[in-house]
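Coordinates from coords-v3.tsv are shown below (TSV, N, CA and C atoms).
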chain	number	residue	atom	x	y	z
A	1	MET	N	0.72	-6.98	-17.87
A	1	MET	CA	0.11	-6.20	-16.82
A	1	MET	C	1.00	-4.98	-16.52
A	2	VAL	N	0.38	-3.82	-16.42
A	2	VAL	CA	1.10	-2.59	-16.11
A	2	VAL	C	1.12	-2.41	-14.60
A	3	LYS	N	2.30	-2.14	-14.07
A	3	LYS	CA	2.40	-1.90	-12.64
A	3	LYS	C	1.95	-0.48	-12.33
A	4	ARG	N	1.10	-0.35	-11.35
A	4	ARG	CA	0.66	0.97	-10.90
A	4	ARG	C	1.51	1.36	-9.71
A	5	ARG	N	2.14	2.49	-9.81
A	5	ARG	CA	2.93	2.97	-8.68
A	5	ARG	C	1.98	3.54	-7.63
A	6	ASN	N	2.42	3.49	-6.39
A	6	ASN	CA	1.53	3.92	-5.31
A	6	ASN	C	2.27	4.74	-4.26
A	7	ASN	N	1.50	5.42	-3.44
A	7	ASN	CA	2.00	6.26	-2.34
A	7	ASN	C	1.91	5.54	-1.00
A	8	LEU	N	1.75	4.25	-1.02
A	8	LEU	CA	1.44	3.52	0.20
A	8	LEU	C	2.48	3.73	1.30
A	9	LYS	N	3.75	3.63	0.97
A	9	LYS	CA	4.79	3.77	1.99
A	9	LYS	C	4.73	5.15	2.66
A	10	GLU	N	4.61	6.19	1.85
A	10	GLU	CA	4.58	7.55	2.39
A	10	GLU	C	3.35	7.76	3.27
A	11	LEU	N	2.20	7.28	2.81
A	11	LEU	CA	0.97	7.43	3.58
A	11	LEU	C	1.02	6.64	4.88
A	12	ARG	N	1.57	5.42	4.81
A	12	ARG	CA	1.70	4.58	6.02
A	12	ARG	C	2.58	5.26	7.05
A	13	LYS	N	3.73	5.76	6.60
A	13	LYS	CA	4.65	6.43	7.52
A	13	LYS	C	4.02	7.68	8.13
A	14	ALA	N	3.32	8.46	7.30
A	14	ALA	CA	2.67	9.68	7.79
A	14	ALA	C	1.62	9.36	8.85
A	15	ALA	N	0.99	8.18	8.72
A	15	ALA	CA	-0.01	7.76	9.70
A	15	ALA	C	0.61	7.17	10.96
A	16	GLY	N	1.93	6.92	10.92
A	16	GLY	CA	2.63	6.42	12.10
A	16	GLY	C	2.61	4.91	12.28
A	17	PHE	N	2.28	4.18	11.21
A	17	PHE	CA	2.26	2.72	11.30
A	17	PHE	C	3.58	2.12	10.86
A	18	SER	N	4.04	1.11	11.59
A	18	SER	CA	5.19	0.35	11.12
A	18	SER	C	4.72	-0.53	9.97
A	19	GLN	N	5.67	-1.02	9.20
A	19	GLN	CA	5.32	-1.89	8.08
A	19	GLN	C	4.66	-3.17	8.58
A	20	VAL	N	5.16	-3.72	9.66
A	20	VAL	CA	4.61	-4.97	10.21
A	20	VAL	C	3.19	-4.75	10.71
A	21	THR	N	2.96	-3.68	11.45
A	21	THR	CA	1.63	-3.39	11.97
A	21	THR	C	0.63	-3.15	10.84
A	22	PHE	N	1.04	-2.36	9.85
A	22	PHE	CA	0.14	-2.05	8.75
A	22	PHE	C	-0.16	-3.31	7.94
A	23	ALA	N	0.84	-4.15	7.73
A	23	ALA	CA	0.62	-5.40	7.01
A	23	ALA	C	-0.40	-6.26	7.75
A	24	GLN	N	-0.28	-6.34	9.07
A	24	GLN	CA	-1.25	-7.11	9.86
A	24	GLN	C	-2.65	-6.54	9.72
A	25	MET	N	-2.76	-5.23	9.72
A	25	MET	CA	-4.07	-4.59	9.58
A	25	MET	C	-4.68	-4.89	8.21
A	26	LEU	N	-3.82	-5.00	7.19
A	26	LEU	CA	-4.28	-5.28	5.84
A	26	LEU	C	-4.53	-6.77	5.61
A	27	GLY	N	-3.98	-7.61	6.48
A	27	GLY	CA	-4.15	-9.05	6.32
A	27	GLY	C	-3.18	-9.66	5.33
A	28	VAL	N	-2.00	-9.05	5.20
A	28	VAL	CA	-0.95	-9.57	4.32
A	28	VAL	C	0.34	-9.70	5.12
A	29	THR	N	1.33	-10.35	4.55
A	29	THR	CA	2.61	-10.45	5.23
A	29	THR	C	3.39	-9.15	5.06
A	30	ALA	N	4.32	-8.91	5.96
A	30	ALA	CA	5.18	-7.73	5.85
A	30	ALA	C	6.01	-7.80	4.57
A	31	SER	N	6.39	-9.00	4.18
A	31	SER	CA	7.16	-9.19	2.95
A	31	SER	C	6.34	-8.77	1.73
A	32	HIS	N	5.08	-9.16	1.69
A	32	HIS	CA	4.20	-8.78	0.59
A	32	HIS	C	4.06	-7.25	0.54
A	33	LEU	N	3.80	-6.64	1.69
A	33	LEU	CA	3.65	-5.19	1.75
A	33	LEU	C	4.93	-4.49	1.31
A	34	ASN	N	6.07	-5.00	1.73
A	34	ASN	CA	7.35	-4.42	1.33
A	34	ASN	C	7.50	-4.40	-0.18
A	35	ARG	N	7.16	-5.48	-0.82
A	35	ARG	CA	7.29	-5.58	-2.27
A	35	ARG	C	6.32	-4.64	-2.97
A	36	VAL	N	5.13	-4.48	-2.42
A	36	VAL	CA	4.15	-3.55	-2.99
A	36	VAL	C	4.63	-2.11	-2.81
A	37	GLU	N	5.06	-1.78	-1.60
A	37	GLU	CA	5.50	-0.41	-1.31
A	37	GLU	C	6.72	0.00	-2.13
A	38	ASN	N	7.57	-0.94	-2.40
A	38	ASN	CA	8.81	-0.64	-3.13
A	38	ASN	C	8.70	-0.91	-4.62
A	39	HIS	N	7.48	-1.13	-5.10
A	39	HIS	CA	7.21	-1.28	-6.53
A	39	HIS	C	8.06	-2.37	-7.17
A	40	LEU	N	8.19	-3.48	-6.45
A	40	LEU	CA	8.98	-4.58	-6.98
A	40	LEU	C	8.09	-5.46	-7.84
A	41	ASP	N	7.89	-6.70	-7.50
A	41	ASP	CA	7.19	-7.56	-8.45
A	41	ASP	C	5.71	-7.76	-8.14
A	42	ARG	N	5.16	-6.95	-7.29
A	42	ARG	CA	3.74	-7.13	-6.94
A	42	ARG	C	2.97	-5.85	-7.18
A	43	ASN	N	1.84	-5.97	-7.84
A	43	ASN	CA	0.92	-4.86	-8.00
A	43	ASN	C	0.07	-4.72	-6.75
A	44	LEU	N	-0.35	-3.53	-6.49
A	44	LEU	CA	-1.29	-3.29	-5.41
A	44	LEU	C	-2.68	-3.60	-5.94
A	45	SER	N	-3.31	-4.63	-5.40
A	45	SER	CA	-4.66	-5.00	-5.87
A	45	SER	C	-5.65	-3.92	-5.45
A	46	MET	N	-6.73	-3.84	-6.18
A	46	MET	CA	-7.76	-2.85	-5.85
A	46	MET	C	-8.35	-3.14	-4.49
A	47	ASP	N	-8.54	-4.40	-4.13
A	47	ASP	CA	-9.08	-4.74	-2.81
A	47	ASP	C	-8.16	-4.24	-1.70
A	48	LEU	N	-6.87	-4.45	-1.88
A	48	LEU	CA	-5.90	-4.02	-0.88
A	48	LEU	C	-5.83	-2.49	-0.84
A	49	ALA	N	-5.91	-1.84	-1.98
A	49	ALA	CA	-5.89	-0.38	-2.02
A	49	ALA	C	-7.10	0.20	-1.29
A	50	VAL	N	-8.26	-0.39	-1.50
A	50	VAL	CA	-9.48	0.09	-0.83
A	50	VAL	C	-9.34	-0.08	0.69
A	51	LYS	N	-8.85	-1.22	1.11
A	51	LYS	CA	-8.67	-1.48	2.55
A	51	LYS	C	-7.66	-0.50	3.15
A	52	ALA	N	-6.56	-0.26	2.43
A	52	ALA	CA	-5.54	0.68	2.90
A	52	ALA	C	-6.11	2.09	3.02
A	53	ALA	N	-6.88	2.51	2.03
A	53	ALA	CA	-7.49	3.84	2.06
A	53	ALA	C	-8.41	3.98	3.26
A	54	GLU	N	-9.17	2.94	3.56
A	54	GLU	CA	-10.07	2.98	4.72
A	54	GLU	C	-9.28	3.09	6.02
A	55	ILE	N	-8.23	2.27	6.15
A	55	ILE	CA	-7.41	2.29	7.37
A	55	ILE	C	-6.72	3.64	7.53
A	56	LEU	N	-6.19	4.17	6.43
A	56	LEU	CA	-5.44	5.43	6.47
A	56	LEU	C	-6.35	6.66	6.44
A	57	ASN	N	-7.65	6.41	6.22
A	57	ASN	CA	-8.63	7.49	6.17
A	57	ASN	C	-8.27	8.53	5.10
A	58	VAL	N	-7.96	8.02	3.91
A	58	VAL	CA	-7.66	8.89	2.76
A	58	VAL	C	-8.51	8.44	1.58
A	59	PRO	N	-8.77	9.34	0.64
A	59	PRO	CA	-9.49	8.94	-0.57
A	59	PRO	C	-8.67	7.92	-1.35
A	60	LEU	N	-9.35	7.02	-2.03
A	60	LEU	CA	-8.67	5.97	-2.78
A	60	LEU	C	-7.68	6.52	-3.79
A	61	ASP	N	-7.99	7.64	-4.42
A	61	ASP	CA	-7.07	8.18	-5.43
A	61	ASP	C	-5.76	8.67	-4.84
A	62	LYS	N	-5.70	8.89	-3.53
A	62	LYS	CA	-4.44	9.30	-2.88
A	62	LYS	C	-3.46	8.13	-2.78
A	63	ILE	N	-3.97	6.91	-2.87
A	63	ILE	CA	-3.11	5.73	-2.77
A	63	ILE	C	-2.21	5.61	-4.00
A	64	PHE	N	-2.75	5.95	-5.17
A	64	PHE	CA	-2.01	5.78	-6.42
A	64	PHE	C	-1.34	7.07	-6.87
A	65	LEU	N	-0.12	6.93	-7.39
A	65	LEU	CA	0.58	8.07	-7.98
A	65	LEU	C	-0.06	8.40	-9.31
A	66	LYS	N	-0.05	9.65	-9.66
A	66	LYS	CA	-0.62	10.06	-10.94
A	66	LYS	C	0.47	10.38	-11.92
How does this structure look as structure tokens?
Amino acid sequence: MVKRRNNLKELRKAAGFSQVTFAQMLGVTASHLNRVENHLDRNLSMDLAVKAAEILNVPLDKIFLK
């Protein structure tokens, strides 16, 4: 599986959400979100990316780095 890098941390911070608050809004743990944001051992699922884009009010393609 290829890891897709994402802009989630930057977008979350720009929106003014703490990691804990944003994780709660997404329905995941802060630990899970941390690992996704820091490109560690978890890929950002498409379901989670769609939910994040909706919460952050950005197009889905802004979530992923190109």
Nearest-residue call for Asn34 of chain A, choices A:Val20, A:Leu11, A:Met46, A:Ile55, using only C-alpha atoms: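 Closest to Asn34 of chain A, using only C-alpha atoms: A:Val20.
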Distance in Å - atom CA of Asn6 of chain A versus atom CA of Ser31 of chain A: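 Atom-to-atom, atom CA of Asn6 of chain A and atom CA of Ser31 of chain A are spaced 16.5 Å apart.
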Segment 6-40 of chain A: residues DSSP assigns to alpha helix (DSSP H), reported as a list in words: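 Alpha helix (DSSP H) members of segment 6-40 of chain A, listed: Leu8, Lys9, Glu10, Leu11, Arg12, Lys13, Ala14, Ala15, Gln19, Val20, Thr21, Phe22, Ala23, Gln24, Met25, Leu26, Ala30, Ser31, His32, Leu33, Asn34, Arg35, Val36 and Glu37 of chain A.
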Local residues around (1.5, 1.8, -2.7), at most 10 Å away, using only C-alpha atoms, as JSON, numbers by chain: {"A": [4, 5, 6, 7, 8, 9, 10, 11, 12, 33, 34, 35, 36, 37, 38, 39, 43, 44, 45, 48, 49, 52, 62, 63, 64, 65]}
Restricted to N, CA and C atoms, what does segment 2-46 of chain A look like when written out as a PDB file, in the first residue's frame?
ATOM      1  N   VAL A   2       0.565   2.207  -0.854  1.00  0.00           N
ATOM      2  CA  VAL A   2       1.310   3.451  -0.939  1.00  0.00           C
ATOM      3  C   VAL A   2       0.678   4.453   0.008  1.00  0.00           C
ATOM      4  N   LYS A   3       1.515   5.087   0.815  1.00  0.00           N
ATOM      5  CA  LYS A   3       0.996   6.106   1.719  1.00  0.00           C
ATOM      6  C   LYS A   3       0.776   7.397   0.951  1.00  0.00           C
ATOM      7  N   ARG A   4      -0.381   7.978   1.139  1.00  0.00           N
ATOM      8  CA  ARG A   4      -0.677   9.272   0.531  1.00  0.00           C
ATOM      9  C   ARG A   4      -0.405  10.347   1.564  1.00  0.00           C
ATOM     10  N   ARG A   5       0.432  11.276   1.204  1.00  0.00           N
ATOM     11  CA  ARG A   5       0.701  12.389   2.112  1.00  0.00           C
ATOM     12  C   ARG A   5      -0.477  13.355   2.060  1.00  0.00           C
ATOM     13  N   ASN A   6      -0.674  14.057   3.156  1.00  0.00           N
ATOM     14  CA  ASN A   6      -1.838  14.935   3.232  1.00  0.00           C
ATOM     15  C   ASN A   6      -1.506  16.273   3.880  1.00  0.00           C
ATOM     16  N   ASN A   7      -2.398  17.222   3.699  1.00  0.00           N
ATOM     17  CA  ASN A   7      -2.282  18.575   4.260  1.00  0.00           C
ATOM     18  C   ASN A   7      -3.132  18.738   5.516  1.00  0.00           C
ATOM     19  N   LEU A   8      -3.534  17.656   6.110  1.00  0.00           N
ATOM     20  CA  LEU A   8      -4.515  17.719   7.188  1.00  0.00           C
ATOM     21  C   LEU A   8      -4.073  18.612   8.348  1.00  0.00           C
ATOM     22  N   LYS A   9      -2.847  18.465   8.794  1.00  0.00           N
ATOM     23  CA  LYS A   9      -2.381  19.261   9.939  1.00  0.00           C
ATOM     24  C   LYS A   9      -2.446  20.756   9.633  1.00  0.00           C
ATOM     25  N   GLU A  10      -1.953  21.145   8.465  1.00  0.00           N
ATOM     26  CA  GLU A  10      -1.933  22.553   8.094  1.00  0.00           C
ATOM     27  C   GLU A  10      -3.352  23.112   7.976  1.00  0.00           C
ATOM     28  N   LEU A  11      -4.235  22.348   7.351  1.00  0.00           N
ATOM     29  CA  LEU A  11      -5.617  22.796   7.193  1.00  0.00           C
ATOM     30  C   LEU A  11      -6.340  22.881   8.534  1.00  0.00           C
ATOM     31  N   ARG A  12      -6.099  21.898   9.404  1.00  0.00           N
ATOM     32  CA  ARG A  12      -6.718  21.905  10.739  1.00  0.00           C
ATOM     33  C   ARG A  12      -6.281  23.128  11.526  1.00  0.00           C
ATOM     34  N   LYS A  13      -4.976  23.394  11.515  1.00  0.00           N
ATOM     35  CA  LYS A  13      -4.454  24.550  12.254  1.00  0.00           C
ATOM     36  C   LYS A  13      -5.001  25.859  11.691  1.00  0.00           C
ATOM     37  N   ALA A  14      -5.064  25.961  10.364  1.00  0.00           N
ATOM     38  CA  ALA A  14      -5.588  27.174   9.730  1.00  0.00           C
ATOM     39  C   ALA A  14      -7.047  27.408  10.105  1.00  0.00           C
ATOM     40  N   ALA A  15      -7.784  26.320  10.334  1.00  0.00           N
ATOM     41  CA  ALA A  15      -9.189  26.430  10.731  1.00  0.00           C
ATOM     42  C   ALA A  15      -9.345  26.718  12.220  1.00  0.00           C
ATOM     43  N   GLY A  16      -8.250  26.614  12.978  1.00  0.00           N
ATOM     44  CA  GLY A  16      -8.289  26.941  14.400  1.00  0.00           C
ATOM     45  C   GLY A  16      -8.710  25.805  15.317  1.00  0.00           C
ATOM     46  N   PHE A  17      -8.666  24.570  14.814  1.00  0.00           N
ATOM     47  CA  PHE A  17      -9.044  23.421  15.638  1.00  0.00           C
ATOM     48  C   PHE A  17      -7.826  22.810  16.310  1.00  0.00           C
ATOM     49  N   SER A  18      -7.979  22.438  17.573  1.00  0.00           N
ATOM     50  CA  SER A  18      -6.936  21.655  18.225  1.00  0.00           C
ATOM     51  C   SER A  18      -7.004  20.237  17.673  1.00  0.00           C
ATOM     52  N   GLN A  19      -5.943  19.496  17.869  1.00  0.00           N
ATOM     53  CA  GLN A  19      -5.925  18.113  17.394  1.00  0.00           C
ATOM     54  C   GLN A  19      -6.998  17.286  18.097  1.00  0.00           C
ATOM     55  N   VAL A  20      -7.169  17.493  19.375  1.00  0.00           N
ATOM     56  CA  VAL A  20      -8.165  16.734  20.143  1.00  0.00           C
ATOM     57  C   VAL A  20      -9.577  17.059  19.664  1.00  0.00           C
ATOM     58  N   THR A  21      -9.878  18.334  19.493  1.00  0.00           N
ATOM     59  CA  THR A  21     -11.205  18.740  19.036  1.00  0.00           C
ATOM     60  C   THR A  21     -11.500  18.204  17.645  1.00  0.00           C
ATOM     61  N   PHE A  22     -10.531  18.330  16.743  1.00  0.00           N
ATOM     62  CA  PHE A  22     -10.734  17.870  15.376  1.00  0.00           C
ATOM     63  C   PHE A  22     -10.897  16.354  15.335  1.00  0.00           C
ATOM     64  N   ALA A  23     -10.114  15.646  16.137  1.00  0.00           N
ATOM     65  CA  ALA A  23     -10.247  14.187  16.201  1.00  0.00           C
ATOM     66  C   ALA A  23     -11.653  13.807  16.665  1.00  0.00           C
ATOM     67  N   GLN A  24     -12.167  14.502  17.666  1.00  0.00           N
ATOM     68  CA  GLN A  24     -13.526  14.223  18.144  1.00  0.00           C
ATOM     69  C   GLN A  24     -14.553  14.479  17.049  1.00  0.00           C
ATOM     70  N   MET A  25     -14.367  15.542  16.301  1.00  0.00           N
ATOM     71  CA  MET A  25     -15.292  15.867  15.208  1.00  0.00           C
ATOM     72  C   MET A  25     -15.258  14.789  14.127  1.00  0.00           C
ATOM     73  N   LEU A  26     -14.083  14.204  13.913  1.00  0.00           N
ATOM     74  CA  LEU A  26     -13.920  13.159  12.908  1.00  0.00           C
ATOM     75  C   LEU A  26     -14.356  11.785  13.417  1.00  0.00           C
ATOM     76  N   GLY A  27     -14.460  11.647  14.736  1.00  0.00           N
ATOM     77  CA  GLY A  27     -14.841  10.358  15.310  1.00  0.00           C
ATOM     78  C   GLY A  27     -13.681   9.390  15.432  1.00  0.00           C
ATOM     79  N   VAL A  28     -12.469   9.934  15.599  1.00  0.00           N
ATOM     80  CA  VAL A  28     -11.274   9.106  15.791  1.00  0.00           C
ATOM     81  C   VAL A  28     -10.559   9.577  17.050  1.00  0.00           C
ATOM     82  N   THR A  29      -9.583   8.813  17.492  1.00  0.00           N
ATOM     83  CA  THR A  29      -8.802   9.238  18.647  1.00  0.00           C
ATOM     84  C   THR A  29      -7.770  10.280  18.221  1.00  0.00           C
ATOM     85  N   ALA A  30      -7.332  11.073  19.178  1.00  0.00           N
ATOM     86  CA  ALA A  30      -6.283  12.058  18.901  1.00  0.00           C
ATOM     87  C   ALA A  30      -5.001  11.351  18.471  1.00  0.00           C
ATOM     88  N   SER A  31      -4.749  10.188  19.033  1.00  0.00           N
ATOM     89  CA  SER A  31      -3.566   9.403  18.661  1.00  0.00           C
ATOM     90  C   SER A  31      -3.624   8.981  17.196  1.00  0.00           C
ATOM     91  N   HIS A  32      -4.778   8.520  16.755  1.00  0.00           N
ATOM     92  CA  HIS A  32      -4.951   8.130  15.358  1.00  0.00           C
ATOM     93  C   HIS A  32      -4.724   9.342  14.448  1.00  0.00           C
ATOM     94  N   LEU A  33      -5.343  10.469  14.783  1.00  0.00           N
ATOM     95  CA  LEU A  33      -5.192  11.674  13.976  1.00  0.00           C
ATOM     96  C   LEU A  33      -3.734  12.122  13.935  1.00  0.00           C
ATOM     97  N   ASN A  34      -3.047  12.049  15.058  1.00  0.00           N
ATOM     98  CA  ASN A  34      -1.636  12.419  15.105  1.00  0.00           C
ATOM     99  C   ASN A  34      -0.814  11.592  14.132  1.00  0.00           C
ATOM    100  N   ARG A  35      -1.050  10.312  14.105  1.00  0.00           N
ATOM    101  CA  ARG A  35      -0.294   9.425  13.224  1.00  0.00           C
ATOM    102  C   ARG A  35      -0.615   9.699  11.758  1.00  0.00           C
ATOM    103  N   VAL A  36      -1.857  10.034  11.465  1.00  0.00           N
ATOM    104  CA  VAL A  36      -2.242  10.377  10.090  1.00  0.00           C
ATOM    105  C   VAL A  36      -1.601  11.707   9.689  1.00  0.00           C
ATOM    106  N   GLU A  37      -1.715  12.704  10.560  1.00  0.00           N
ATOM    107  CA  GLU A  37      -1.170  14.029  10.247  1.00  0.00           C
ATOM    108  C   GLU A  37       0.344  14.015  10.070  1.00  0.00           C
ATOM    109  N   ASN A  38       1.005  13.171  10.806  1.00  0.00           N
ATOM    110  CA  ASN A  38       2.470  13.130  10.754  1.00  0.00           C
ATOM    111  C   ASN A  38       3.002  12.054   9.822  1.00  0.00           C
ATOM    112  N   HIS A  39       2.109  11.481   9.009  1.00  0.00           N
ATOM    113  CA  HIS A  39       2.504  10.526   7.964  1.00  0.00           C
ATOM    114  C   HIS A  39       3.288   9.349   8.532  1.00  0.00           C
ATOM    115  N   LEU A  40       2.840   8.862   9.678  1.00  0.00           N
ATOM    116  CA  LEU A  40       3.521   7.736  10.295  1.00  0.00           C
ATOM    117  C   LEU A  40       2.963   6.448   9.728  1.00  0.00           C
ATOM    118  N   ASP A  41       2.369   5.605  10.522  1.00  0.00           N
ATOM    119  CA  ASP A  41       2.005   4.296   9.984  1.00  0.00           C
ATOM    120  C   ASP A  41       0.543   4.167   9.565  1.00  0.00           C
ATOM    121  N   ARG A  42      -0.147   5.262   9.448  1.00  0.00           N
ATOM    122  CA  ARG A  42      -1.566   5.175   9.083  1.00  0.00           C
ATOM    123  C   ARG A  42      -1.845   6.015   7.853  1.00  0.00           C
ATOM    124  N   ASN A  43      -2.551   5.435   6.910  1.00  0.00           N
ATOM    125  CA  ASN A  43      -3.025   6.167   5.746  1.00  0.00           C
ATOM    126  C   ASN A  43      -4.304   6.902   6.113  1.00  0.00           C
ATOM    127  N   LEU A  44      -4.532   7.993   5.453  1.00  0.00           N
ATOM    128  CA  LEU A  44      -5.783   8.709   5.599  1.00  0.00           C
ATOM    129  C   LEU A  44      -6.806   8.018   4.713  1.00  0.00           C
ATOM    130  N   SER A  45      -7.821   7.425   5.315  1.00  0.00           N
ATOM    131  CA  SER A  45      -8.850   6.734   4.528  1.00  0.00           C
ATOM    132  C   SER A  45      -9.663   7.757   3.744  1.00  0.00           C
ATOM    133  N   MET A  46     -10.246   7.304   2.670  1.00  0.00           N
ATOM    134  CA  MET A  46     -11.070   8.207   1.862  1.00  0.00           C
ATOM    135  C   MET A  46     -12.270   8.689   2.657  1.00  0.00           C
TER     136      MET A  46
END
